[in-house]
>>> print(open('target.tsv').read())   # TSV, C-alpha atoms and all ligand atoms
chain	number	residue	atom	x	y	z
A	433	MET	CA	-10.73	-34.07	100.71
A	434	LEU	CA	-12.19	-35.68	97.57
A	435	SER	CA	-12.04	-39.26	96.36
A	436	LYS	CA	-9.01	-40.21	94.26
A	437	ARG	CA	-11.48	-41.11	91.51
A	438	ILE	CA	-12.10	-37.39	90.88
A	439	PRO	CA	-9.47	-35.84	88.54
A	440	ALA	CA	-6.89	-33.78	90.44
A	441	SER	CA	-6.98	-31.11	87.73
A	442	HIS	CA	-9.85	-29.88	85.61
A	443	GLU	CA	-7.57	-27.77	83.39
A	444	PRO	CA	-8.66	-28.06	79.73
A	445	ASN	CA	-6.07	-29.39	77.25
A	446	ALA	CA	-4.43	-26.93	74.80
A	447	TRP	CA	-7.00	-27.58	72.07
A	448	ALA	CA	-10.03	-27.21	74.37
A	449	ALA	CA	-8.57	-24.00	75.88
A	450	ALA	CA	-7.97	-22.55	72.39
A	451	LEU	CA	-11.55	-23.42	71.37
A	452	ALA	CA	-12.99	-21.84	74.54
A	453	SER	CA	-11.04	-18.63	74.02
A	454	ARG	CA	-12.04	-18.42	70.37
A	455	ARG	CA	-15.69	-18.83	71.34
A	456	ALA	CA	-15.35	-16.31	74.21
A	457	ALA	CA	-13.89	-13.78	71.77
A	458	GLY	CA	-16.93	-14.25	69.51
A	459	GLY	CA	-14.81	-15.83	66.74
A	460	ALA	CA	-16.74	-17.69	64.03
A	461	VAL	CA	-16.62	-21.45	64.26
A	462	LEU	CA	-17.38	-24.13	61.67
A	463	ASP	CA	-17.91	-27.12	63.93
A	464	LEU	CA	-16.99	-30.51	62.45
A	465	ALA	CA	-17.00	-32.00	65.95
A	466	GLU	CA	-20.74	-31.58	66.52
A	467	PHE	CA	-22.25	-35.00	67.24
A	468	ASP	CA	-25.52	-33.82	68.80
A	469	PRO	CA	-28.40	-34.24	66.32
A	470	THR	CA	-30.49	-31.63	68.14
A	471	ARG	CA	-27.88	-29.03	67.19
A	472	THR	CA	-27.46	-29.94	63.52
A	473	GLY	CA	-31.07	-29.55	62.40
A	474	LEU	CA	-31.71	-33.30	62.55
A	475	GLY	CA	-33.23	-33.72	66.03
A	476	GLY	CA	-35.98	-36.29	66.42
A	477	ALA	CA	-38.39	-34.13	68.49
A	478	ASP	CA	-40.99	-31.76	67.03
A	479	THR	CA	-44.01	-30.57	69.05
A	480	GLU	CA	-46.03	-33.62	68.01
A	481	VAL	CA	-43.30	-35.98	69.25
A	482	LEU	CA	-42.86	-34.05	72.50
A	483	SER	CA	-46.62	-34.22	73.15
A	484	ALA	CA	-46.15	-37.98	73.65
A	485	LEU	CA	-44.52	-37.04	76.99
A	486	ALA	CA	-47.86	-35.64	78.19
A	487	ASP	CA	-49.53	-39.09	78.33
A	488	PRO	CA	-51.75	-38.94	81.48
A	489	ARG	CA	-50.35	-42.30	82.67
A	490	GLY	CA	-47.17	-40.32	83.38
A	491	ALA	CA	-48.88	-38.77	86.41
A	492	ARG	CA	-48.61	-42.01	88.36
A	493	HIS	CA	-45.38	-43.46	89.74
A	494	SER	CA	-45.38	-47.25	89.73
A	495	PRO	CA	-41.76	-48.10	89.10
A	496	ASP	CA	-40.36	-51.38	87.84
A	497	PRO	CA	-36.57	-51.66	88.31
A	498	ARG	CA	-36.14	-52.99	84.76
A	499	GLY	CA	-38.43	-50.33	83.29
A	500	LEU	CA	-42.17	-50.44	82.59
A	501	ARG	CA	-43.29	-53.54	80.73
A	502	GLY	CA	-44.84	-51.49	77.87
A	503	ALA	CA	-41.59	-49.58	77.38
A	504	ARG	CA	-39.53	-52.79	77.28
A	505	GLU	CA	-41.99	-54.22	74.75
A	506	ALA	CA	-41.48	-51.13	72.59
A	507	VAL	CA	-37.69	-51.67	72.67
A	508	ALA	CA	-38.19	-55.36	71.75
A	509	ALA	CA	-40.45	-54.30	68.86
A	510	TYR	CA	-37.75	-51.93	67.59
A	511	TYR	CA	-35.31	-54.86	67.50
A	512	ALA	CA	-37.91	-57.09	65.83
A	513	GLY	CA	-38.13	-54.40	63.11
A	514	ARG	CA	-34.40	-54.95	62.51
A	515	GLY	CA	-34.94	-58.72	62.35
A	516	LEU	CA	-33.36	-59.24	65.81
A	517	ALA	CA	-35.03	-61.24	68.59
A	518	VAL	CA	-34.92	-59.55	72.02
A	519	ASP	CA	-37.19	-60.69	74.85
A	520	PRO	CA	-38.74	-57.76	76.82
A	521	ASP	CA	-37.79	-59.69	79.98
A	522	ALA	CA	-34.12	-59.53	78.94
A	523	LEU	CA	-34.13	-55.71	78.95
A	524	VAL	CA	-33.19	-53.17	81.63
A	525	LEU	CA	-33.84	-49.49	80.91
A	526	THR	CA	-31.32	-46.84	81.95
A	527	THR	CA	-30.88	-43.09	81.50
A	528	GLY	CA	-28.42	-43.63	78.66
A	529	THR	CA	-25.38	-45.57	77.61
A	530	SER	CA	-23.08	-43.93	80.16
A	531	GLU	CA	-25.31	-45.18	82.97
A	532	SER	CA	-25.47	-48.59	81.28
A	533	TYR	CA	-21.66	-48.78	81.38
A	534	ALA	CA	-21.64	-47.73	85.05
A	535	HIS	CA	-24.21	-50.43	85.93
A	536	LEU	CA	-22.23	-53.10	84.09
A	537	PHE	CA	-18.90	-52.12	85.63
A	538	ARG	CA	-20.58	-52.42	89.06
A	539	LEU	CA	-22.18	-55.73	88.11
A	540	LEU	CA	-19.06	-57.38	86.70
A	541	CYS	CA	-16.08	-55.86	88.52
A	542	ASP	CA	-14.60	-55.50	91.95
A	543	PRO	CA	-12.39	-52.43	92.52
A	544	GLY	CA	-9.17	-52.81	90.53
A	545	ASP	CA	-10.60	-55.38	88.08
A	546	ARG	CA	-9.85	-54.94	84.41
A	547	VAL	CA	-12.19	-54.37	81.46
A	548	LEU	CA	-10.86	-54.48	77.89
A	549	VAL	CA	-11.72	-51.69	75.46
A	550	PRO	CA	-10.71	-51.17	71.84
A	551	ALA	CA	-8.12	-48.63	70.75
A	552	PRO	CA	-8.85	-46.44	68.94
A	553	SER	CA	-12.27	-45.86	70.47
A	554	TYR	CA	-14.62	-43.73	72.53
A	555	PRO	CA	-12.79	-41.41	75.02
A	556	LEU	CA	-15.44	-41.64	77.75
A	557	PHE	CA	-14.42	-45.20	78.72
A	558	GLU	CA	-11.54	-43.96	80.82
A	559	PRO	CA	-13.41	-41.56	83.17
A	560	LEU	CA	-16.39	-43.94	83.38
A	561	ALA	CA	-14.09	-46.78	84.46
A	562	ASP	CA	-12.13	-44.53	86.85
A	563	LEU	CA	-15.33	-43.53	88.57
A	564	GLU	CA	-16.19	-47.17	89.26
A	565	SER	CA	-12.60	-48.00	90.36
A	566	VAL	CA	-12.20	-50.23	87.31
A	567	ARG	CA	-8.98	-50.41	85.29
A	568	LEU	CA	-8.93	-50.46	81.50
A	569	GLY	CA	-6.90	-52.85	79.38
A	570	ARG	CA	-6.63	-52.17	75.66
A	571	TYR	CA	-6.78	-54.35	72.60
A	572	ARG	CA	-5.93	-52.83	69.26
A	573	LEU	CA	-7.72	-52.35	66.01
A	574	ALA	CA	-5.24	-52.19	63.13
A	575	TYR	CA	-5.63	-50.53	59.72
A	576	ASP	CA	-4.19	-51.91	56.51
A	577	GLY	CA	-6.65	-50.48	54.01
A	578	ARG	CA	-9.47	-51.61	56.31
A	579	TRP	CA	-9.74	-51.91	60.08
A	580	HIS	CA	-9.50	-55.31	61.69
A	581	LEU	CA	-9.19	-56.73	65.17
A	582	ASP	CA	-5.63	-57.40	66.36
A	583	LEU	CA	-6.43	-60.80	67.86
A	584	ASP	CA	-3.00	-61.21	69.47
A	585	SER	CA	-3.48	-58.02	71.48
A	586	LEU	CA	-6.86	-59.31	72.67
A	587	ALA	CA	-5.46	-62.74	73.53
A	588	ARG	CA	-2.65	-61.13	75.57
A	589	ALA	CA	-5.08	-58.90	77.50
A	590	ALA	CA	-7.89	-61.43	78.08
A	591	PRO	CA	-6.60	-63.62	80.95
A	592	GLY	CA	-7.82	-62.22	84.24
A	593	ALA	CA	-10.01	-59.50	82.70
A	594	ARG	CA	-13.75	-59.33	83.46
A	595	ALA	CA	-15.27	-58.07	80.21
A	596	VAL	CA	-14.52	-57.11	76.61
A	597	VAL	CA	-16.18	-53.96	75.32
A	598	LEU	CA	-16.99	-54.04	71.60
A	599	VAL	CA	-18.32	-50.94	69.85
A	600	GLN	CA	-20.31	-51.92	66.74
A	601	PRO	CA	-19.79	-49.87	64.65
A	602	ASN	CA	-16.89	-48.39	66.53
A	603	HIS	CA	-16.58	-44.70	67.29
A	604	PRO	CA	-14.60	-43.24	65.52
A	605	THR	CA	-13.36	-45.95	63.11
A	606	GLY	CA	-16.91	-46.80	61.96
A	607	THR	CA	-16.07	-50.49	61.64
A	608	CYS	CA	-17.50	-53.80	62.86
A	609	LEU	CA	-15.98	-57.19	63.53
A	610	ASP	CA	-16.32	-59.69	60.68
A	611	GLY	CA	-17.76	-63.19	61.21
A	612	ALA	CA	-14.42	-64.84	61.99
A	613	GLU	CA	-13.48	-62.10	64.48
A	614	TRP	CA	-16.86	-62.46	66.24
A	615	ALA	CA	-16.38	-66.20	66.53
A	616	GLU	CA	-12.92	-65.76	68.02
A	617	VAL	CA	-14.11	-63.12	70.54
A	618	GLU	CA	-16.92	-65.42	71.69
A	619	ARG	CA	-14.55	-68.36	71.98
A	620	MET	CA	-12.10	-66.30	74.04
A	621	CYS	CA	-14.87	-64.99	76.29
A	622	LEU	CA	-16.09	-68.52	77.00
A	623	GLU	CA	-12.54	-69.71	77.65
A	624	HIS	CA	-11.69	-66.91	80.11
A	625	ASP	CA	-15.23	-66.37	81.46
A	626	LEU	CA	-15.38	-62.78	80.19
A	627	SER	CA	-18.58	-60.93	79.42
A	628	ILE	CA	-19.13	-59.22	76.09
A	629	VAL	CA	-20.36	-55.64	76.41
A	630	SER	CA	-21.46	-54.60	72.93
A	631	ASP	CA	-22.11	-50.88	72.45
A	632	GLU	CA	-24.41	-50.72	69.43
A	633	VAL	CA	-25.61	-47.11	69.63
A	634	PHE	CA	-24.70	-46.63	65.93
A	635	GLY	CA	-26.03	-50.06	64.89
A	636	ASP	CA	-28.78	-48.60	62.66
A	637	PHE	CA	-26.40	-46.54	60.58
A	638	ALA	CA	-24.97	-48.96	58.02
A	639	TRP	CA	-23.43	-47.31	54.97
A	640	ASP	CA	-23.67	-48.15	51.29
A	641	GLY	CA	-26.97	-50.00	51.73
A	642	ARG	CA	-25.49	-53.04	53.51
A	643	ALA	CA	-28.69	-55.05	53.15
A	644	SER	CA	-27.92	-57.43	56.00
A	645	GLY	CA	-27.34	-54.52	58.41
A	646	LEU	CA	-24.54	-54.42	60.97
A	647	PRO	CA	-23.75	-57.34	63.28
A	648	SER	CA	-25.37	-57.39	66.73
A	649	ALA	CA	-24.49	-59.24	69.93
A	650	THR	CA	-28.24	-59.79	70.47
A	651	ALA	CA	-27.56	-62.94	68.42
A	652	VAL	CA	-24.88	-64.29	70.81
A	653	ARG	CA	-26.11	-67.68	72.05
A	654	GLU	CA	-23.66	-68.97	74.63
A	655	ALA	CA	-21.17	-66.34	75.91
A	656	PRO	CA	-22.45	-63.90	78.58
A	657	ALA	CA	-23.30	-60.76	76.59
A	658	PHE	CA	-24.90	-57.36	77.16
A	659	VAL	CA	-26.02	-55.09	74.31
A	660	LEU	CA	-26.19	-51.32	74.87
A	661	SER	CA	-28.13	-48.72	72.94
A	662	GLY	CA	-30.54	-45.86	73.47
A	663	LEU	CA	-32.68	-43.04	72.16
A	664	SER	CA	-29.74	-40.63	71.68
A	665	LYS	CA	-28.67	-42.23	68.44
A	666	VAL	CA	-31.54	-44.58	67.55
A	667	CYS	CA	-34.12	-41.75	67.55
A	668	GLY	CA	-31.97	-38.59	67.68
A	669	LEU	CA	-33.30	-37.80	71.17
A	670	PRO	CA	-30.32	-37.44	73.55
A	671	GLN	CA	-32.25	-34.95	75.67
A	672	LEU	CA	-34.89	-37.53	76.67
A	673	LYS	CA	-32.33	-39.62	78.54
A	674	LEU	CA	-33.37	-43.20	77.88
A	675	GLY	CA	-31.10	-46.12	77.05
A	676	TRP	CA	-31.16	-49.85	77.62
A	677	ILE	CA	-29.17	-52.98	78.27
A	678	ALA	CA	-30.27	-56.22	76.56
A	679	LEU	CA	-28.99	-59.48	78.00
A	680	ALA	CA	-27.87	-62.12	75.51
A	681	GLY	CA	-26.09	-65.47	75.73
A	682	ALA	CA	-26.99	-68.35	78.03
A	683	ARG	CA	-24.05	-68.43	80.43
A	684	HIS	CA	-24.78	-67.05	83.94
A	685	ARG	CA	-28.02	-65.66	82.48
A	686	ALA	CA	-30.30	-65.76	85.54
A	687	GLU	CA	-27.57	-64.56	87.88
A	688	ARG	CA	-26.68	-61.64	85.57
A	689	ALA	CA	-30.35	-60.65	85.25
A	690	ARG	CA	-30.87	-60.71	89.03
A	691	GLY	CA	-27.73	-58.66	89.73
A	692	LEU	CA	-28.58	-56.05	87.14
A	693	GLU	CA	-32.14	-55.73	88.38
A	694	TRP	CA	-30.82	-55.27	91.92
A	695	ILE	CA	-28.57	-52.39	90.79
A	696	ALA	CA	-31.35	-50.77	88.74
A	697	ASP	CA	-33.69	-51.01	91.73
A	698	LEU	CA	-31.33	-48.87	93.83
A	699	PHE	CA	-31.59	-46.00	91.36
A	700	LEU	CA	-34.98	-46.31	89.57
A	701	SER	CA	-33.47	-43.65	87.38
A	702	VAL	CA	-35.66	-43.59	84.28
A	703	GLY	CA	-38.55	-41.10	84.30
A	704	THR	CA	-42.10	-42.42	83.85
A	705	PRO	CA	-43.34	-40.04	81.07
A	706	VAL	CA	-40.56	-40.97	78.66
A	707	GLN	CA	-41.30	-44.67	79.18
A	708	HIS	CA	-44.97	-44.24	78.32
A	709	ALA	CA	-43.99	-42.16	75.28
A	710	LEU	CA	-41.60	-44.79	73.95
A	711	PRO	CA	-43.81	-46.47	71.29
A	712	ARG	CA	-44.47	-43.07	69.67
A	713	LEU	CA	-40.84	-42.04	69.98
A	714	PHE	CA	-39.78	-45.15	68.06
A	715	VAL	CA	-42.23	-44.28	65.27
A	716	ALA	CA	-40.66	-40.79	65.01
A	717	GLY	CA	-37.23	-42.42	65.18
A	718	GLU	CA	-37.71	-44.10	61.82
A	719	ALA	CA	-38.01	-40.76	60.07
A	720	PHE	CA	-35.03	-39.43	62.03
A	721	ARG	CA	-32.86	-42.33	60.89
A	722	GLY	CA	-33.88	-41.70	57.27
A	723	ARG	CA	-32.87	-38.02	57.58
A	724	ALA	CA	-29.61	-38.82	59.34
A	725	LEU	CA	-28.60	-41.51	56.82
A	726	ALA	CA	-29.33	-39.15	53.90
A	727	ARG	CA	-27.23	-36.41	55.57
A	728	ILE	CA	-24.38	-38.83	56.24
A	729	ALA	CA	-24.41	-40.13	52.64
A	730	ALA	CA	-24.37	-36.57	51.24
A	731	ASN	CA	-21.51	-35.52	53.53
A	732	ARG	CA	-19.54	-38.65	52.63
A	733	THR	CA	-19.88	-37.69	48.96
A	734	ARG	CA	-18.59	-34.19	49.78
A	735	LEU	CA	-15.71	-35.75	51.66
A	736	ALA	CA	-14.82	-38.04	48.75
A	737	GLN	CA	-14.81	-34.99	46.44
A	738	ALA	CA	-12.51	-33.10	48.83
A	739	VAL	CA	-10.14	-36.06	48.98
A	740	ALA	CA	-10.10	-36.22	45.16
A	741	ARG	CA	-9.15	-32.50	45.04
A	742	ALA	CA	-6.53	-32.55	47.81
A	743	PRO	CA	-3.73	-35.09	47.38
A	744	SER	CA	-2.59	-34.78	51.03
A	745	LEU	CA	-6.02	-35.66	52.38
A	746	GLY	CA	-7.40	-39.18	52.78
A	747	VAL	CA	-10.37	-40.86	54.42
A	748	LEU	CA	-10.29	-44.27	56.11
A	749	ARG	CA	-12.65	-47.04	55.03
A	750	ALA	CA	-15.57	-47.81	57.36
A	751	ASP	CA	-18.91	-49.66	57.54
A	752	GLY	CA	-21.21	-47.17	59.24
A	753	GLY	CA	-21.84	-44.65	62.02
A	754	TRP	CA	-21.85	-40.88	62.24
A	755	VAL	CA	-18.13	-40.23	62.02
A	756	ALA	CA	-15.30	-40.16	59.48
A	757	VAL	CA	-11.57	-40.45	60.13
A	758	LEU	CA	-9.47	-38.19	57.90
A	759	ARG	CA	-5.89	-39.08	57.10
A	760	VAL	CA	-3.56	-36.05	57.15
A	761	PRO	CA	0.22	-35.88	56.68
A	762	ASP	CA	2.08	-36.84	59.87
A	763	ARG	CA	4.74	-34.13	59.45
A	764	ARG	CA	2.68	-32.33	62.11
A	765	SER	CA	1.05	-33.88	65.16
A	766	ASP	CA	-2.75	-34.31	65.18
A	767	GLU	CA	-2.93	-31.63	67.87
A	768	GLU	CA	-0.96	-29.18	65.68
A	769	TRP	CA	-3.29	-29.80	62.72
A	770	ALA	CA	-6.35	-29.34	64.94
A	771	LEU	CA	-4.91	-26.10	66.37
A	772	ALA	CA	-3.99	-24.81	62.88
A	773	LEU	CA	-7.57	-25.49	61.74
A	774	LEU	CA	-9.00	-23.87	64.85
A	775	ALA	CA	-6.98	-20.73	64.07
A	776	ARG	CA	-8.97	-20.67	60.81
A	777	GLY	CA	-12.24	-21.26	62.67
A	778	VAL	CA	-12.66	-25.00	61.96
A	779	VAL	CA	-13.25	-27.44	64.81
A	780	VAL	CA	-12.10	-31.07	64.35
A	781	HIS	CA	-11.03	-33.62	66.94
A	782	PRO	CA	-7.36	-34.63	66.89
A	783	GLY	CA	-6.96	-38.42	66.62
A	784	HIS	CA	-5.21	-38.70	69.98
A	785	PHE	CA	-8.54	-38.01	71.75
A	786	TYR	CA	-9.50	-41.50	70.54
A	787	ASP	CA	-6.19	-43.23	71.23
A	788	PHE	CA	-4.89	-43.79	67.70
A	789	ASP	CA	-1.44	-45.32	67.95
A	790	ARG	CA	0.17	-42.72	65.66
A	791	ASP	CA	-0.33	-39.20	64.32
A	792	GLY	CA	-2.02	-38.46	61.01
A	793	HIS	CA	-5.71	-38.68	61.98
A	794	LEU	CA	-8.47	-36.13	62.43
A	795	VAL	CA	-12.03	-37.09	63.39
A	796	VAL	CA	-15.06	-35.31	61.92
A	797	SER	CA	-18.80	-35.66	62.39
A	798	LEU	CA	-20.88	-36.59	59.33
A	799	ILE	CA	-24.17	-35.26	60.72
A	800	VAL	CA	-23.12	-31.60	60.41
A	801	GLU	CA	-25.30	-29.29	58.28
A	802	PRO	CA	-24.22	-29.51	54.60
A	803	ALA	CA	-23.29	-25.82	54.18
A	804	THR	CA	-21.10	-25.94	57.31
A	805	PHE	CA	-19.57	-29.24	56.25
A	806	ASP	CA	-18.70	-27.87	52.79
A	807	ALA	CA	-17.24	-24.59	54.05
A	808	ALA	CA	-15.21	-26.36	56.74
A	809	LEU	CA	-13.86	-28.94	54.29
A	810	ARG	CA	-12.61	-26.17	51.99
A	811	VAL	CA	-10.59	-24.79	54.91
A	812	VAL	CA	-9.28	-28.27	55.79
A	813	GLU	CA	-8.13	-28.73	52.17
A	814	GLU	CA	-6.41	-25.33	52.10
A	815	VAL	CA	-4.65	-25.83	55.43
A	816	VAL	CA	-3.51	-29.39	54.71
A	817	GLU	CA	-2.30	-28.53	51.21
A	818	SER	CA	-0.50	-25.29	52.14
A	819	ALA	CA	1.00	-26.00	55.57
A	820	PRO	CA	4.74	-26.77	55.66
B	901	LIG	C1	-19.79	-45.28	71.19
B	901	LIG	C2	-20.72	-44.44	72.02
B	901	LIG	N1	-21.36	-44.98	73.07
B	901	LIG	C3	-22.20	-44.26	73.82
B	901	LIG	C4	-22.43	-42.92	73.57
B	901	LIG	C5	-23.35	-42.13	74.48
B	901	LIG	O1	-24.64	-42.52	74.38
B	901	LIG	P1	-25.75	-41.96	75.43
B	901	LIG	O2	-26.13	-40.61	74.95
B	901	LIG	O3	-26.84	-42.98	75.32
B	901	LIG	O4	-25.13	-41.95	76.80
B	901	LIG	C6	-21.77	-42.31	72.51
B	901	LIG	C7	-21.98	-40.88	72.24
B	901	LIG	O5	-21.47	-40.30	71.32
B	901	LIG	C8	-20.90	-43.08	71.73
B	901	LIG	O6	-20.22	-42.52	70.71
>>> encode(input="target.tsv", output="structure tokens")
Amino acid sequence: MLSKRIPASHEPNAWAAALASRRAAGGAVLDLAEFDPTRTGLGGADTEVLSALADPRGARHSPDPRGLRGAREAVAAYYAGRGLAVDPDALVLTTGTSESYAHLFRLLCDPGDRVLVPAPSYPLFEPLADLESVRLGRYRLAYDGRWHLDLDSLARAAPGARAVVLVQPNHPTGTCLDGAEWAEVERMCLEHDLSIVSDEVFGDFAWDGRASGLPSATAVREAPAFVLSGLSKVCGLPQLKLGWIALAGARHRAERARGLEWIADLFLSVGTPVQHALPRLFVAGEAFRGRALARIAANRTRLAQAVARAPSLGVLRADGGWVAVLRVPDRRSDEEWALALLARGVVVHPGHFYDFDRDGHLVVSLIVEPATFDAALRVVEEVVESAP
């Protein structure tokens, strides 16, 4: 009766079922897989910020498919604050990055076309692509003391594909392409007429004071590129449901802009009050980013101390973001480690959720409250050090 795009089974996997039954039984949980800033005491919205949504201009509906001009100017000003040039006319507002992906899959692909995504990376790509009848191809990121792009895997996958998704910094590896890798991706995209879709939701969260910030595809000049971000991460406001797509690169520019505007016009999905509130939300966002970066730095220090205490525990090197990848012994599968930790009340994501190519990885959030982070890490140390 239903479309083949809808999963045949909605049964949770073993880990999700174990977590649900622990919660149902009222068992205590130390959640290292909490990525929502509104649930870790970091959220960007106090009463003053929320009052921006009561702007009287919000009473009137006068939609623009790309988003209201004033809201697009506010997004452009945010980029200008990062030293990046984005024209308000090159922006299309959406209800968040998931909708941005859906729009771009519709814009760039016919049913059955292929889009390339990194592995390991963000697990939502698969259902989002399925829903638009798009197939995923994978290129690999490889770790040898630092993550880098496996160019051969990208070169093999590129012919015939429609787009390459980059996540900068990537979730969960926390890494960005270096200059040479960027140049090669752009060259390949021009050669095979692929679009670059650059997910930069974590682009403000550079670690260790990288003065130059993290790379952005807003600077792409020639290749057809789209940059995605939104209020969820930039301002800690996932509940306000506003994201954007910025067009970059000269190739097919006018045609891409027209097509995207046509799609956005069918939905007109972004609410008016949040668009009028945007300039004030960006002001509040600055303070949010300061709080989040301080929390992340403190939790990274705690993690480094745990790794120093526990010889079986490691942490992979990264450039930024909200996530850390822990290295654990591969004598057990990631799922077994995650289940063993859950039995002790600690929630972590097993690496296979993110398509790591081998066991030995657990993924933890760095925006968790410090007391929870500390208590959970102690359990992780104990379990990893004592388990056979
Ligand atoms: C890489 C990446 N892209 C997009 C999103 C979702 O962003 P939004 O809330 O704007 O849909 C997330 C959420 O964690 C993410 O990790």
>>> atom_distance(input="target.tsv", atom1="atom O1 of ligand LIG 901 (chain B)", atom2="CA of Cys667 (chain A)")
11.7 Å
>>> closest_atom_pairs(input="target.tsv", of="chain A", to="ligand LIG 901 (chain B)", cutoff="9 Å", atoms="all atoms listed in the file", output="tab-separated table")
residue	atom	partner	partner_atom	distance
A:Phe467	CA	B:LIG901	O5	6.7
A:Asp468	CA	B:LIG901	O5	8.0
A:Thr526	CA	B:LIG901	O3	8.9
A:Thr527	CA	B:LIG901	O3	7.4
A:Gly528	CA	B:LIG901	O3	3.8
A:Thr529	CA	B:LIG901	O4	3.7
A:Ser530	CA	B:LIG901	O4	4.4
A:Glu531	CA	B:LIG901	O4	7.0
A:Ser532	CA	B:LIG901	O4	8.0
A:Tyr533	CA	B:LIG901	C3	8.8
A:Ser553	CA	B:LIG901	C1	7.6
A:Tyr554	CA	B:LIG901	C1	5.6
A:Pro555	CA	B:LIG901	O6	8.7
A:Leu556	CA	B:LIG901	C4	8.2
A:Phe557	CA	B:LIG901	N1	9.0
A:Val599	CA	B:LIG901	C1	6.0
A:Gln600	CA	B:LIG901	C1	8.0
A:Pro601	CA	B:LIG901	C1	8.0
A:Asn602	CA	B:LIG901	C1	6.3
A:His603	CA	B:LIG901	C1	5.1
A:Pro604	CA	B:LIG901	O6	7.7
A:Asp631	CA	B:LIG901	N1	6.0
A:Glu632	CA	B:LIG901	C1	7.4
A:Val633	CA	B:LIG901	N1	5.9
A:Phe634	CA	B:LIG901	C1	7.3
A:Leu660	CA	B:LIG901	N1	8.2
A:Ser661	CA	B:LIG901	O3	6.3
A:Gly662	CA	B:LIG901	O3	5.0
A:Leu663	CA	B:LIG901	O3	6.6
A:Ser664	CA	B:LIG901	O2	4.9
A:Lys665	CA	B:LIG901	O3	7.2
A:Leu669	CA	B:LIG901	O2	8.6
A:Pro670	CA	B:LIG901	O2	5.4
A:Gln671	CA	B:LIG901	O2	8.4
A:Lys673	CA	B:LIG901	O3	7.2
A:Leu674	CA	B:LIG901	O3	7.0
A:Gly675	CA	B:LIG901	O3	5.6
A:Trp676	CA	B:LIG901	O3	8.4
A:Trp754	CA	B:LIG901	O6	8.8
>>> closest_residue(input="target.tsv", among="A:Val795, A:Val778, A:Val596, A:Ile695", to="Val812 (chain A)", atoms="only C-alpha atoms")
A:Val778
>>> atom_distance(input="target.tsv", atom1="CA of Arg790 (chain A)", atom2="CA of Asp762 (chain A)")
8.5 Å
>>> residues_around(input="target.tsv", residues="region 609-612 of chain A", least_positions_apart="4", cutoff="8 Å", atoms="only C-alpha atoms", output="PyMOL selection string")
chain A and resi 580-581+600+616+647
>>> closest_residue(input="target.tsv", among="A:Val666, A:Ala491, A:Leu692, A:Ala534", to="Tyr511 (chain A)", atoms="only C-alpha atoms")
A:Val666
>>> closest_residue(input="target.tsv", among="A:Arg619, A:His781, A:Arg688, A:Arg712", to="Ala486 (chain A)", atoms="all atoms listed in the file")
A:Arg712
>>> closest_residue(input="target.tsv", among="A:Ala716, A:Leu462, A:Ala738, A:Ala448", to="Asp478 (chain A)", atoms="all atoms listed in the file")
A:Ala716
>>> residues_around(input="target.tsv", residues="region 493-499 of chain A", least_positions_apart="3", cutoff="7 Å", atoms="only C-alpha atoms", output="PyMOL selection string")
chain A and resi 503-504+523-525+693+696-697+700+704
>>> closest_residue(input="target.tsv", among="A:Asp487, A:Asp787, A:Glu564, A:Glu558", to="Arg538 (chain A)", atoms="all atoms listed in the file")
A:Glu564
>>> closest_residue(input="target.tsv", among="A:Leu548, A:Ala465, A:Cys621, A:Val652", to="Ser585 (chain A)", atoms="all atoms listed in the file")
A:Leu548
>>> residues_around(input="target.tsv", residues="Asp636 (chain A)", least_positions_apart="6", cutoff="9 Å", atoms="only C-alpha atoms", output="mmCIF file with C-alpha atoms, in the coordinates of the input")
data_model
loop_
_atom_site.group_PDB
_atom_site.id
_atom_site.type_symbol
_atom_site.label_atom_id
_atom_site.label_comp_id
_atom_site.auth_asym_id
_atom_site.auth_seq_id
_atom_site.Cartn_x
_atom_site.Cartn_y
_atom_site.Cartn_z
ATOM 1 C CA ARG A 514 -34.400 -54.950 62.510
ATOM 2 C CA GLY A 645 -27.340 -54.520 58.410
ATOM 3 C CA LEU A 646 -24.540 -54.420 60.970
ATOM 4 C CA LYS A 665 -28.670 -42.230 68.440
ATOM 5 C CA VAL A 666 -31.540 -44.580 67.550
ATOM 6 C CA ARG A 721 -32.860 -42.330 60.890
ATOM 7 C CA GLY A 752 -21.210 -47.170 59.240
ATOM 8 C CA GLY A 753 -21.840 -44.650 62.020
#
>>> residues_around(input="target.tsv", residues="Cys541 (chain A)", least_positions_apart="3", cutoff="12 Å", atoms="only C-alpha atoms", output="compact mmCIF listing (two decimals) with C-alpha atoms, keeping the file's coordinate frame")
# COMPACT_ATOMS: atom_id res chain seq x y z
CA TYR A 533 -21.66 -48.78 81.38
CA ALA A 534 -21.64 -47.73 85.05
CA HIS A 535 -24.21 -50.43 85.93
CA LEU A 536 -22.23 -53.10 84.09
CA PHE A 537 -18.90 -52.12 85.63
CA ARG A 538 -20.58 -52.42 89.06
CA GLY A 544 -9.17 -52.81 90.53
CA ASP A 545 -10.60 -55.38 88.08
CA ARG A 546 -9.85 -54.94 84.41
CA VAL A 547 -12.19 -54.37 81.46
CA LEU A 548 -10.86 -54.48 77.89
CA ALA A 561 -14.09 -46.78 84.46
CA GLU A 564 -16.19 -47.17 89.26
CA SER A 565 -12.60 -48.00 90.36
CA VAL A 566 -12.20 -50.23 87.31
CA ARG A 567 -8.98 -50.41 85.29
CA LEU A 568 -8.93 -50.46 81.50
CA GLY A 592 -7.82 -62.22 84.24
CA ALA A 593 -10.01 -59.50 82.70
CA ARG A 594 -13.75 -59.33 83.46
CA ALA A 595 -15.27 -58.07 80.21
CA LEU A 626 -15.38 -62.78 80.19
CA SER A 627 -18.58 -60.93 79.42
